[in-house]
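Asker: Supplied structure: target.tsv, TSV, C-alpha atoms.
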chain	number	residue	atom	x	y	z
Z	188	MET	CA	0.00	0.00	0.00
Z	189	LYS	CA	2.88	2.38	0.75
Z	190	THR	CA	4.15	1.79	-2.78
Z	191	LYS	CA	0.77	2.83	-4.20
Z	192	TYR	CA	0.70	6.02	-2.16
Z	193	LEU	CA	4.21	6.82	-3.31
Z	194	LEU	CA	3.05	6.35	-6.90
Z	195	LEU	CA	0.09	8.64	-6.15
Z	196	ALA	CA	2.45	11.38	-5.06
Z	197	VAL	CA	4.70	10.87	-8.09
Z	198	LEU	CA	1.77	10.98	-10.48
Z	199	GLY	CA	0.42	14.08	-8.77
Z	200	PHE	CA	3.75	15.84	-9.15
Z	201	SER	CA	4.05	14.76	-12.77
Z	202	ALA	CA	0.55	15.87	-13.67
Z	203	TRP	CA	1.12	19.44	-12.49
Z	204	GLY	CA	4.89	19.61	-12.89
Z	205	CYS	CA	7.34	19.10	-15.69
Z	206	ALA	CA	6.53	16.43	-18.27
Z	207	GLN	CA	8.72	13.35	-18.38
Z	208	GLU	CA	9.30	11.41	-21.57
Z	209	ASN	CA	8.43	8.08	-19.95
Z	210	LEU	CA	5.09	9.31	-18.57
Z	211	PRO	CA	1.83	8.49	-20.35
Z	212	SER	CA	-0.34	11.17	-21.97
Z	213	THR	CA	-2.06	13.77	-19.79
Z	214	GLY	CA	-5.34	11.86	-19.94
Z	215	GLU	CA	-3.73	8.57	-18.95
Z	216	THR	CA	-1.78	10.30	-16.16
Z	217	ALA	CA	-4.99	11.85	-14.84
Z	218	LYS	CA	-6.73	8.46	-15.00
Z	219	GLN	CA	-4.03	6.74	-12.94
Z	220	TYR	CA	-3.87	9.56	-10.43
Z	221	LEU	CA	-7.65	9.68	-9.98
Z	222	SER	CA	-7.90	5.91	-9.56
Z	223	LEU	CA	-5.32	5.97	-6.78
Z	224	TRP	CA	-6.85	9.08	-5.18
Z	225	MET	CA	-10.25	7.42	-5.07
Z	226	GLU	CA	-8.74	4.26	-3.60
Z	227	LYS	CA	-7.17	6.31	-0.81
Z	228	TYR	CA	-9.99	8.74	0.01
Z	229	HIS	CA	-13.16	7.00	-1.20
Z	230	PRO	CA	-12.46	3.27	-1.36
Z	231	GLY	CA	-15.22	1.05	-2.63
Z	232	ILE	CA	-16.80	3.58	-5.01
Z	233	SER	CA	-16.76	2.40	-8.61
Z	234	PRO	CA	-16.91	4.74	-11.59
Z	235	THR	CA	-20.05	5.12	-13.66
Z	236	SER	CA	-20.04	4.19	-17.32
Z	237	ALA	CA	-19.12	7.82	-18.03
Z	238	GLY	CA	-16.15	7.62	-15.66
Z	239	LEU	CA	-17.64	9.73	-12.84
Z	240	TYR	CA	-17.47	8.78	-9.18
Z	241	ILE	CA	-20.72	9.55	-7.33
Z	242	LEU	CA	-19.89	10.61	-3.77
Z	243	GLU	CA	-23.39	11.64	-2.66
Z	244	ASP	CA	-26.81	11.29	-4.25
Z	245	GLN	CA	-29.98	12.78	-2.75
Z	246	PRO	CA	-32.89	11.88	-5.04
Z	247	GLY	CA	-35.32	14.57	-6.13
Z	248	THR	CA	-39.07	14.22	-6.37
Z	249	GLY	CA	-39.67	16.23	-9.54
Z	250	ASP	CA	-39.34	15.37	-13.19
Z	251	LEU	CA	-36.43	13.27	-14.38
Z	252	TRP	CA	-33.81	15.32	-16.23
Z	253	ASN	CA	-34.56	15.13	-19.92
Z	254	TYR	CA	-31.35	15.35	-21.95
Z	255	GLU	CA	-33.39	16.82	-24.82
Z	256	ASN	CA	-33.97	19.98	-22.76
Z	257	ASP	CA	-31.42	22.63	-23.62
Z	258	TYR	CA	-31.20	24.29	-20.20
Z	259	VAL	CA	-31.05	23.38	-16.54
Z	260	TYR	CA	-31.58	25.64	-13.54
Z	261	VAL	CA	-28.95	24.68	-10.98
Z	262	ASP	CA	-26.96	25.49	-7.89
Z	263	VAL	CA	-23.32	24.49	-8.41
Z	264	THR	CA	-20.23	24.29	-6.22
Z	265	VAL	CA	-16.89	23.22	-7.70
Z	266	LYS	CA	-13.93	22.01	-5.63
Z	267	ASN	CA	-10.44	20.78	-6.41
Z	268	LEU	CA	-9.48	17.32	-5.20
Z	269	ASN	CA	-7.74	18.95	-2.22
Z	270	GLY	CA	-11.11	20.40	-1.15
Z	271	THR	CA	-10.50	24.02	-2.17
Z	272	VAL	CA	-13.68	25.63	-3.50
Z	273	SER	CA	-13.02	27.34	-6.82
Z	274	SER	CA	-16.59	28.56	-7.43
Z	275	THR	CA	-20.00	28.39	-5.83
Z	276	THR	CA	-23.50	29.78	-6.19
Z	277	ASP	CA	-24.12	29.18	-2.45
Z	278	GLU	CA	-24.24	32.44	-0.48
Z	279	SER	CA	-23.92	30.78	2.94
Z	280	LEU	CA	-20.90	28.75	1.80
Z	281	SER	CA	-19.27	31.91	0.44
Z	282	ASN	CA	-19.82	33.55	3.82
Z	283	GLN	CA	-18.23	30.58	5.57
Z	284	LEU	CA	-15.22	30.67	3.24
Z	285	GLY	CA	-14.82	34.44	3.52
Z	286	THR	CA	-15.25	34.88	-0.23
Z	287	TYR	CA	-18.68	36.55	-0.11
Z	288	VAL	CA	-18.86	39.82	-2.05
Z	289	GLU	CA	-21.75	42.24	-1.43
Z	290	GLY	CA	-23.60	42.89	-4.66
Z	291	ASN	CA	-22.60	39.63	-6.34
Z	292	TYR	CA	-25.41	37.30	-7.35
Z	293	TYR	CA	-25.75	34.07	-5.39
Z	294	GLY	CA	-28.37	31.49	-6.14
Z	295	PRO	CA	-29.48	29.12	-8.89
Z	296	ARG	CA	-28.88	30.05	-12.50
Z	297	PHE	CA	-29.57	28.72	-15.96
Z	298	GLN	CA	-26.92	26.62	-17.64
Z	299	ALA	CA	-27.04	25.63	-21.29
Z	300	VAL	CA	-26.25	21.93	-21.68
Z	301	GLY	CA	-25.04	19.85	-24.58
Z	302	GLU	CA	-22.07	19.79	-26.90
Z	303	GLY	CA	-20.35	23.16	-27.19
Z	304	HIS	CA	-22.09	24.50	-24.07
Z	305	SER	CA	-21.36	22.37	-21.01
Z	306	TYR	CA	-18.72	19.89	-19.94
Z	307	ALA	CA	-19.41	16.32	-20.95
Z	308	GLY	CA	-18.88	15.40	-17.31
Z	309	PHE	CA	-21.50	17.92	-16.18
Z	310	ASP	CA	-24.11	16.36	-18.46
Z	311	ALA	CA	-23.09	12.89	-17.27
Z	312	LEU	CA	-23.57	14.04	-13.67
Z	313	LEU	CA	-27.13	15.16	-14.47
Z	314	ASP	CA	-28.01	11.81	-16.00
Z	315	GLY	CA	-30.65	10.13	-13.83
Z	316	MET	CA	-31.26	13.15	-11.60
Z	317	LYS	CA	-34.74	14.45	-10.80
Z	318	VAL	CA	-35.67	18.07	-10.12
Z	319	GLY	CA	-35.04	18.79	-6.45
Z	320	GLY	CA	-32.21	16.28	-6.25
Z	321	LYS	CA	-28.62	16.93	-5.22
Z	322	ARG	CA	-25.58	15.04	-6.40
Z	323	GLU	CA	-21.88	15.32	-5.65
Z	324	ALA	CA	-19.45	13.61	-7.97
Z	325	VAL	CA	-15.83	13.57	-9.00
Z	326	VAL	CA	-15.70	14.60	-12.64
Z	327	PRO	CA	-12.56	13.19	-14.30
Z	328	ALA	CA	-10.19	15.60	-15.95
Z	329	TRP	CA	-10.79	14.11	-19.39
Z	330	MET	CA	-14.53	14.80	-19.08
Z	331	LEU	CA	-13.93	18.52	-18.56
Z	332	THR	CA	-14.48	19.27	-22.22
Z	333	THR	CA	-17.39	20.68	-24.23
Z	334	ALA	CA	-16.58	18.26	-27.06
Z	335	ARG	CA	-18.34	14.92	-27.29
Z	336	PHE	CA	-16.82	11.52	-28.10
Z	337	ASN	CA	-18.23	8.00	-28.26
Z	338	THR	CA	-15.93	6.27	-25.77
Z	339	GLN	CA	-14.05	7.03	-22.56
Z	340	GLN	CA	-10.78	6.21	-24.26
Z	341	GLU	CA	-11.43	8.85	-26.91
Z	342	TYR	CA	-11.99	11.41	-24.15
Z	343	ILE	CA	-8.78	10.31	-22.43
Z	344	ASN	CA	-6.76	10.43	-25.64
Z	345	ALA	CA	-8.00	13.93	-26.45
Z	346	SER	CA	-7.55	15.37	-22.96
Z	347	SER	CA	-4.96	18.05	-22.18
Z	348	ILE	CA	-6.27	18.61	-18.63
Z	349	SER	CA	-4.61	16.88	-15.68
Z	350	SER	CA	-6.79	17.92	-12.73
Z	351	SER	CA	-10.16	16.34	-11.93
Z	352	LEU	CA	-12.83	18.34	-10.07
Z	353	ILE	CA	-15.58	17.66	-7.55
Z	354	TYR	CA	-18.98	19.03	-8.58
Z	355	SER	CA	-21.91	19.45	-6.21
Z	356	VAL	CA	-25.09	20.15	-8.18
Z	357	THR	CA	-28.68	20.76	-7.08
Z	358	LEU	CA	-31.15	20.51	-9.95
Z	359	ARG	CA	-33.78	23.24	-9.47
Z	360	GLY	CA	-35.46	23.00	-12.85
Z	361	GLN	CA	-35.08	22.40	-16.57
Z	362	ALA	CA	-36.38	23.99	-19.74
Z	363	ASP	CA	-36.33	23.52	-23.47
Z	364	ASP	CA	-36.85	27.26	-24.09
Z	365	VAL	CA	-35.36	29.52	-21.44
Z	366	SER	CA	-36.76	32.62	-23.15
Z	367	ALA	CA	-40.28	31.31	-22.55
Z	368	VAL	CA	-39.45	30.77	-18.88
Z	369	GLU	CA	-38.11	34.32	-18.67
Z	370	LYS	CA	-41.20	35.76	-20.32
Z	371	ASP	CA	-43.49	33.88	-17.95
Z	372	SER	CA	-41.49	35.05	-14.93
Z	373	LEU	CA	-41.56	38.62	-16.20
Z	374	THR	CA	-45.33	38.60	-16.73
Z	375	ARG	CA	-45.98	37.23	-13.25
Z	376	TYR	CA	-43.56	39.75	-11.74
Z	377	VAL	CA	-45.21	42.73	-13.45
Z	378	ASN	CA	-48.72	41.57	-12.52
Z	379	ARG	CA	-47.69	41.09	-8.91
Z	380	HIS	CA	-45.95	44.47	-8.53
Z	381	PHE	CA	-47.70	46.76	-10.99
Z	382	GLY	CA	-51.06	45.20	-11.74
Z	383	PRO	CA	-52.55	44.58	-15.21
Z	384	VAL	CA	-49.99	46.47	-17.32
Z	385	ALA	CA	-49.76	45.76	-21.03
Z	386	PRO	CA	-46.34	45.16	-22.60
Z	387	THR	CA	-45.12	47.64	-25.17
Z	388	VAL	CA	-42.26	48.32	-27.61
Z	389	TYR	CA	-39.63	51.01	-27.97
Z	390	ASP	CA	-38.63	49.91	-31.46
Z	391	THR	CA	-41.62	50.38	-33.74
Z	392	ASP	CA	-40.00	48.11	-36.31
Z	393	LYS	CA	-40.29	45.17	-33.92
Z	394	GLU	CA	-43.34	43.12	-32.97
Z	395	ASN	CA	-44.70	43.43	-29.44
Z	396	ASP	CA	-43.64	40.04	-28.09
Z	397	GLY	CA	-44.50	40.67	-24.43
Z	398	THR	CA	-40.90	40.96	-23.23
Z	399	PHE	CA	-40.75	44.70	-22.42
Z	400	TYR	CA	-42.88	46.72	-19.97
Z	401	PHE	CA	-42.89	50.49	-19.43
Z	402	ILE	CA	-44.73	51.98	-16.44
Z	403	SER	CA	-44.59	55.79	-16.16
Z	404	ASP	CA	-46.16	58.72	-14.33
Z	405	ALA	CA	-46.07	60.74	-17.57
Z	406	SER	CA	-49.76	61.63	-17.28
Z	407	SER	CA	-49.03	63.82	-14.26
Z	408	HIS	CA	-46.54	65.83	-16.35
Z	409	SER	CA	-48.55	66.08	-19.55
Z	410	GLN	CA	-49.09	69.84	-19.17
Z	411	GLN	CA	-45.36	70.38	-19.56
Z	412	GLU	CA	-43.47	70.87	-22.77
Z	413	PRO	CA	-42.11	67.48	-23.87
Z	414	ARG	CA	-38.48	66.99	-24.76
Z	415	THR	CA	-37.38	67.29	-28.35
Z	416	GLU	CA	-35.78	64.48	-30.33
Z	417	THR	CA	-32.23	65.68	-29.68
Z	418	SER	CA	-32.42	66.93	-26.11
Z	419	ASN	CA	-29.70	66.84	-23.53
Z	420	ALA	CA	-30.84	65.61	-20.13
Z	421	THR	CA	-29.77	64.31	-16.74
Z	422	ILE	CA	-31.19	61.18	-15.18
Z	423	ASN	CA	-31.10	59.08	-12.05
Z	424	TYR	CA	-31.43	55.32	-12.34
Z	425	THR	CA	-31.37	52.16	-10.27
Z	426	GLY	CA	-30.96	48.71	-11.84
Z	427	ARG	CA	-32.23	45.57	-10.10
Z	428	LEU	CA	-32.60	41.87	-10.65
Z	429	LEU	CA	-36.15	40.63	-10.22
Z	430	ASN	CA	-35.25	39.35	-6.76
Z	431	GLY	CA	-34.77	43.00	-5.77
Z	432	GLN	CA	-30.98	42.91	-5.68
Z	433	VAL	CA	-29.48	46.24	-6.81
Z	434	PHE	CA	-26.54	45.99	-9.21
Z	435	ASP	CA	-26.12	49.66	-10.18
Z	436	THR	CA	-27.46	53.07	-9.15
Z	437	THR	CA	-26.73	56.78	-9.32
Z	438	ILE	CA	-28.29	57.35	-5.89
Z	439	GLU	CA	-25.94	57.23	-2.90
Z	440	LYS	CA	-28.50	56.11	-0.32
Z	441	VAL	CA	-29.69	53.26	-2.54
Z	442	ALA	CA	-26.09	52.14	-3.05
Z	443	LYS	CA	-25.40	52.19	0.70
Z	444	ASP	CA	-28.63	50.39	1.55
Z	445	ALA	CA	-27.82	47.73	-1.08
Z	446	GLY	CA	-24.24	47.31	0.14
Z	447	ILE	CA	-22.67	48.29	-3.18
Z	448	TYR	CA	-21.52	51.81	-2.27
Z	449	LYS	CA	-18.06	52.79	-3.53
Z	450	SER	CA	-16.34	55.85	-2.11
Z	451	SER	CA	-14.43	56.31	-5.37
Z	452	ARG	CA	-17.64	56.84	-7.30
Z	453	SER	CA	-19.64	60.06	-7.61
Z	454	TYR	CA	-23.36	59.53	-6.97
Z	455	ALA	CA	-25.29	62.16	-8.92
Z	456	PRO	CA	-27.54	62.41	-11.99
Z	457	VAL	CA	-25.72	61.46	-15.18
Z	458	SER	CA	-25.85	63.13	-18.59
Z	459	ILE	CA	-27.96	61.74	-21.40
Z	460	THR	CA	-28.05	62.79	-25.03
Z	461	PHE	CA	-31.27	61.84	-26.78
Z	462	SER	CA	-31.49	61.01	-30.46
Z	463	SER	CA	-34.25	60.77	-33.05
Z	464	LYS	CA	-34.01	56.99	-32.66
Z	465	TRP	CA	-33.88	54.90	-29.50
Z	466	ASP	CA	-30.60	53.22	-30.37
Z	467	GLY	CA	-28.83	56.57	-30.78
Z	468	ILE	CA	-29.14	57.50	-27.11
Z	469	SER	CA	-25.85	57.92	-25.25
Z	470	MET	CA	-24.94	58.33	-21.58
Z	471	SER	CA	-21.90	60.39	-20.59
Z	472	GLY	CA	-20.78	60.18	-24.21
Z	473	SER	CA	-21.10	56.39	-24.51
Z	474	SER	CA	-23.74	54.61	-26.57
Z	475	SER	CA	-22.69	51.19	-25.18
Z	476	LEU	CA	-25.91	50.76	-23.23
Z	477	ILE	CA	-28.22	47.77	-23.16
Z	478	ASN	CA	-31.25	48.09	-25.41
Z	479	GLY	CA	-33.87	47.91	-22.68
Z	480	PHE	CA	-32.26	50.80	-20.82
Z	481	LYS	CA	-32.10	52.97	-23.95
Z	482	GLY	CA	-35.62	51.95	-24.91
Z	483	GLY	CA	-36.99	53.00	-21.54
Z	484	LEU	CA	-35.31	56.40	-21.75
Z	485	TYR	CA	-36.55	56.89	-25.29
Z	486	LEU	CA	-40.16	56.52	-24.13
Z	487	MET	CA	-39.74	59.21	-21.45
Z	488	LYS	CA	-40.85	62.73	-22.43
Z	489	TYR	CA	-41.12	65.13	-19.50
Z	490	GLU	CA	-38.83	66.74	-16.96
Z	491	GLY	CA	-39.46	65.17	-13.57
Z	492	GLU	CA	-41.04	62.08	-15.10
Z	493	LYS	CA	-40.39	58.79	-13.32
Z	494	ALA	CA	-40.70	55.40	-14.95
Z	495	VAL	CA	-39.99	51.73	-14.36
Z	496	VAL	CA	-38.94	49.46	-17.21
Z	497	VAL	CA	-38.89	45.69	-16.85
Z	498	PHE	CA	-37.63	43.42	-19.60
Z	499	THR	CA	-36.18	40.02	-20.41
Z	500	SER	CA	-32.50	39.38	-21.05
Z	501	ALA	CA	-33.11	39.71	-24.79
Z	502	HIS	CA	-33.14	43.48	-24.11
Z	503	GLY	CA	-30.35	43.22	-21.52
Z	504	TYR	CA	-27.25	41.10	-21.13
Z	505	THR	CA	-28.63	38.08	-23.02
Z	506	THR	CA	-26.80	34.76	-22.66
Z	507	ASN	CA	-23.65	36.35	-21.24
Z	508	GLY	CA	-24.81	38.15	-18.13
Z	509	SER	CA	-22.56	40.85	-16.73
Z	510	GLY	CA	-19.73	40.02	-14.34
Z	511	ASP	CA	-20.65	38.50	-11.00
Z	512	ASN	CA	-23.71	40.73	-10.58
Z	513	ILE	CA	-26.02	39.66	-13.38
Z	514	PRO	CA	-26.30	36.00	-14.40
Z	515	ALA	CA	-27.06	34.94	-17.96
Z	516	TRP	CA	-30.72	34.98	-19.00
Z	517	SER	CA	-31.66	37.52	-16.31
Z	518	PRO	CA	-34.74	39.76	-16.66
Z	519	LEU	CA	-34.01	43.24	-15.29
Z	520	GLN	CA	-35.83	46.21	-13.81
Z	521	PHE	CA	-34.69	49.84	-14.03
Z	522	GLU	CA	-36.18	52.73	-12.08
Z	523	LEU	CA	-35.63	55.89	-14.12
Z	524	GLU	CA	-36.05	59.59	-13.35
Z	525	LEU	CA	-35.72	62.32	-15.97
Z	526	VAL	CA	-34.22	64.97	-13.68
Z	527	SER	CA	-33.68	67.80	-16.17
Z	528	ILE	CA	-34.08	68.50	-19.87
Z	529	GLU	CA	-32.34	70.95	-22.18
Z	530	ASN	CA	-34.11	71.10	-25.54
Z	531	LEU	CA	-31.81	71.86	-28.43
Z	532	GLU	CA	-34.48	72.63	-31.02
Using structure tokens, write down the structure from this file.

Answerer:
Amino acid sequence: MKTKYLLLAVLGFSAWGCAQENLPSTGETAKQYLSLWMEKYHPGISPTSAGLYILEDQPGTGDLWNYENDYVYVDVTVKNLNGTVSSTTDESLSNQLGTYVEGNYYGPRFQAVGEGHSYAGFDALLDGMKVGGKREAVVPAWMLTTARFNTQQEYINASSISSSLIYSVTLRGQADDVSAVEKDSLTRYVNRHFGPVAPTVYDTDKENDGTFYFISDASSHSQQEPRTETSNATINYTGRLLNGQVFDTTIEKVAKDAGIYKSSRSYAPVSITFSSKWDGISMSGSSSLINGFKGGLYLMKYEGEKAVVVFTSAHGYTTNGSGDNIPAWSPLQFELELVSIENLE
């Protein structure tokens, strides 16, 4: 047994250190190392047909994961084999580890699955899970690829990764069309917070598809002179996820209350330049603004007007999200105030 543990140490050093001519390929090295690591720390657990080692499996009571669905809604924590957490969606765990960052998003999120989107090992981990279930598994290094092969040996031969990972996944839901899920969530959110409001459009060339809502107090300002097409203006805004979490604001008190205040930032109304078209609007000289934000501003007409715009990620940060604050496929809400207007015509 001592000889095996010595080999484990040698393989570990080789996998992350300098390559030796007499060592097998990276995939083969990882396979030998993982086999010995499992024998030492989790003896008696055999690999699945996909090469994963299931460490914990808490069955769910919902629908069985359907591999034909393109998206899953999951909580995920990833650890190295030495137990170091490299990423997690768990807020309480982040607090325990001292890695929690105020303003970051914690909680389940959508993940696209399938070739080119998710690791083969991640999909293999989901196999057989039901919604509500939790599973922890060692995902072999050679399965940490978005490519797909027919056999384990093909994965091993193609692998250039030496380190396996431990995934802990809770399956919260699944969907074939995440945009439909977003739209449904948005509709229910608007009805709950604003009542029976009809969706609208800011781009008259586009069909009203029910993914953008504009709620304004414009009627109380209708006696005023409206802005012209090319006005300069100042605005206040606050951006939120639908769970209420603030990710950006121009208002100091809101930033402090939300825990995202930065002393290096100036909290004050920002400059807007309107255009004859919604997509020509710029803020502080930059036109790199998400469409839903520009669209909401475009629909505002009067000095002092306040509005709320709520929209799906198709008008926001789409499938990419934005940093650690806004996950992919996130509907957003912006509270807008047209503080001042300077008409140029």

Asker: Out of Z:Ser236, Z:Ser347, Z:Ser451, Z:Ser222, which residue has the shortest atom-to-atom distance to Trp329 in chain Z when counting only C-alpha atoms?

Answerer: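 Smallest distance to Trp329 in chain Z is found for Z:Ser347.
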
Asker: Set the distance at 7 Å and use all atoms listed in the file: which residues neighbour range 368-377 of chain Z once local chain neighbours fewer than 6 positions away are removed? I'd like the list as a list in words.

Answerer: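 Surrounding residues, per the criterion: Thr398, Thr499 and Pro518 of chain Z.
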
Asker: Calculate how many Å separate CA of Thr421 in chain Z from CA of Leu476 in chain Z, rounding to one decimal.

Answerer: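 For CA of Thr421 in chain Z relative to CA of Leu476 in chain Z, the distance reads 15.5 Å.
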
Asker: Measuring between all atoms listed in the file, which one of Z:Gln245, Z:Val356, Z:Ala307, Z:Thr235 shows the shortest distance to Asp277 in chain Z?

Answerer: Z:Val356

Asker: Taking (-16.2, 22.6, -7.7) in the file's coordinates as the center, which residues reach within 8 Å of it, counting all atoms listed in the file, put as a PyMOL selection string?

Answerer: chain Z and resi 263-267+272-275+352-355

Asker: Residues within 8 Å of Thr460 in chain Z, please, as an MDAnalysis selection string. Count all atoms listed in the file; anything in the same chain fewer than 2 positions from it doesn't count.

Answerer: chainID Z and resid 417:420 458 462 468:472

Asker: Which of these, Z:Gly238, Z:Gly397, Z:Gly431, Z:Gly249, has the shortest distance to Lys321 in chain Z once you count all atoms listed in the file?

Answerer: Z:Gly249

Asker: Can you find the residues with an atom no farther than 10 Å from (-32.1, 45.1, -8.1), counting only C-alpha atoms, and report them as a PyMOL selection string?

Answerer: chain Z and resi 290+425-436+445+512-513+519-522

Asker: With only C-alpha atoms as the counted atoms, please give the residues lying no more than 10 Å from Asp314 in chain Z, apart from itself and same-chain residues fewer than 4 positions off, as a list of chain:residue names.

Answerer: Z:Ala237, Z:Leu251, Z:Trp252, Z:Asn253, Z:Tyr254, Z:Gly308, Z:Phe309, Z:Asp310
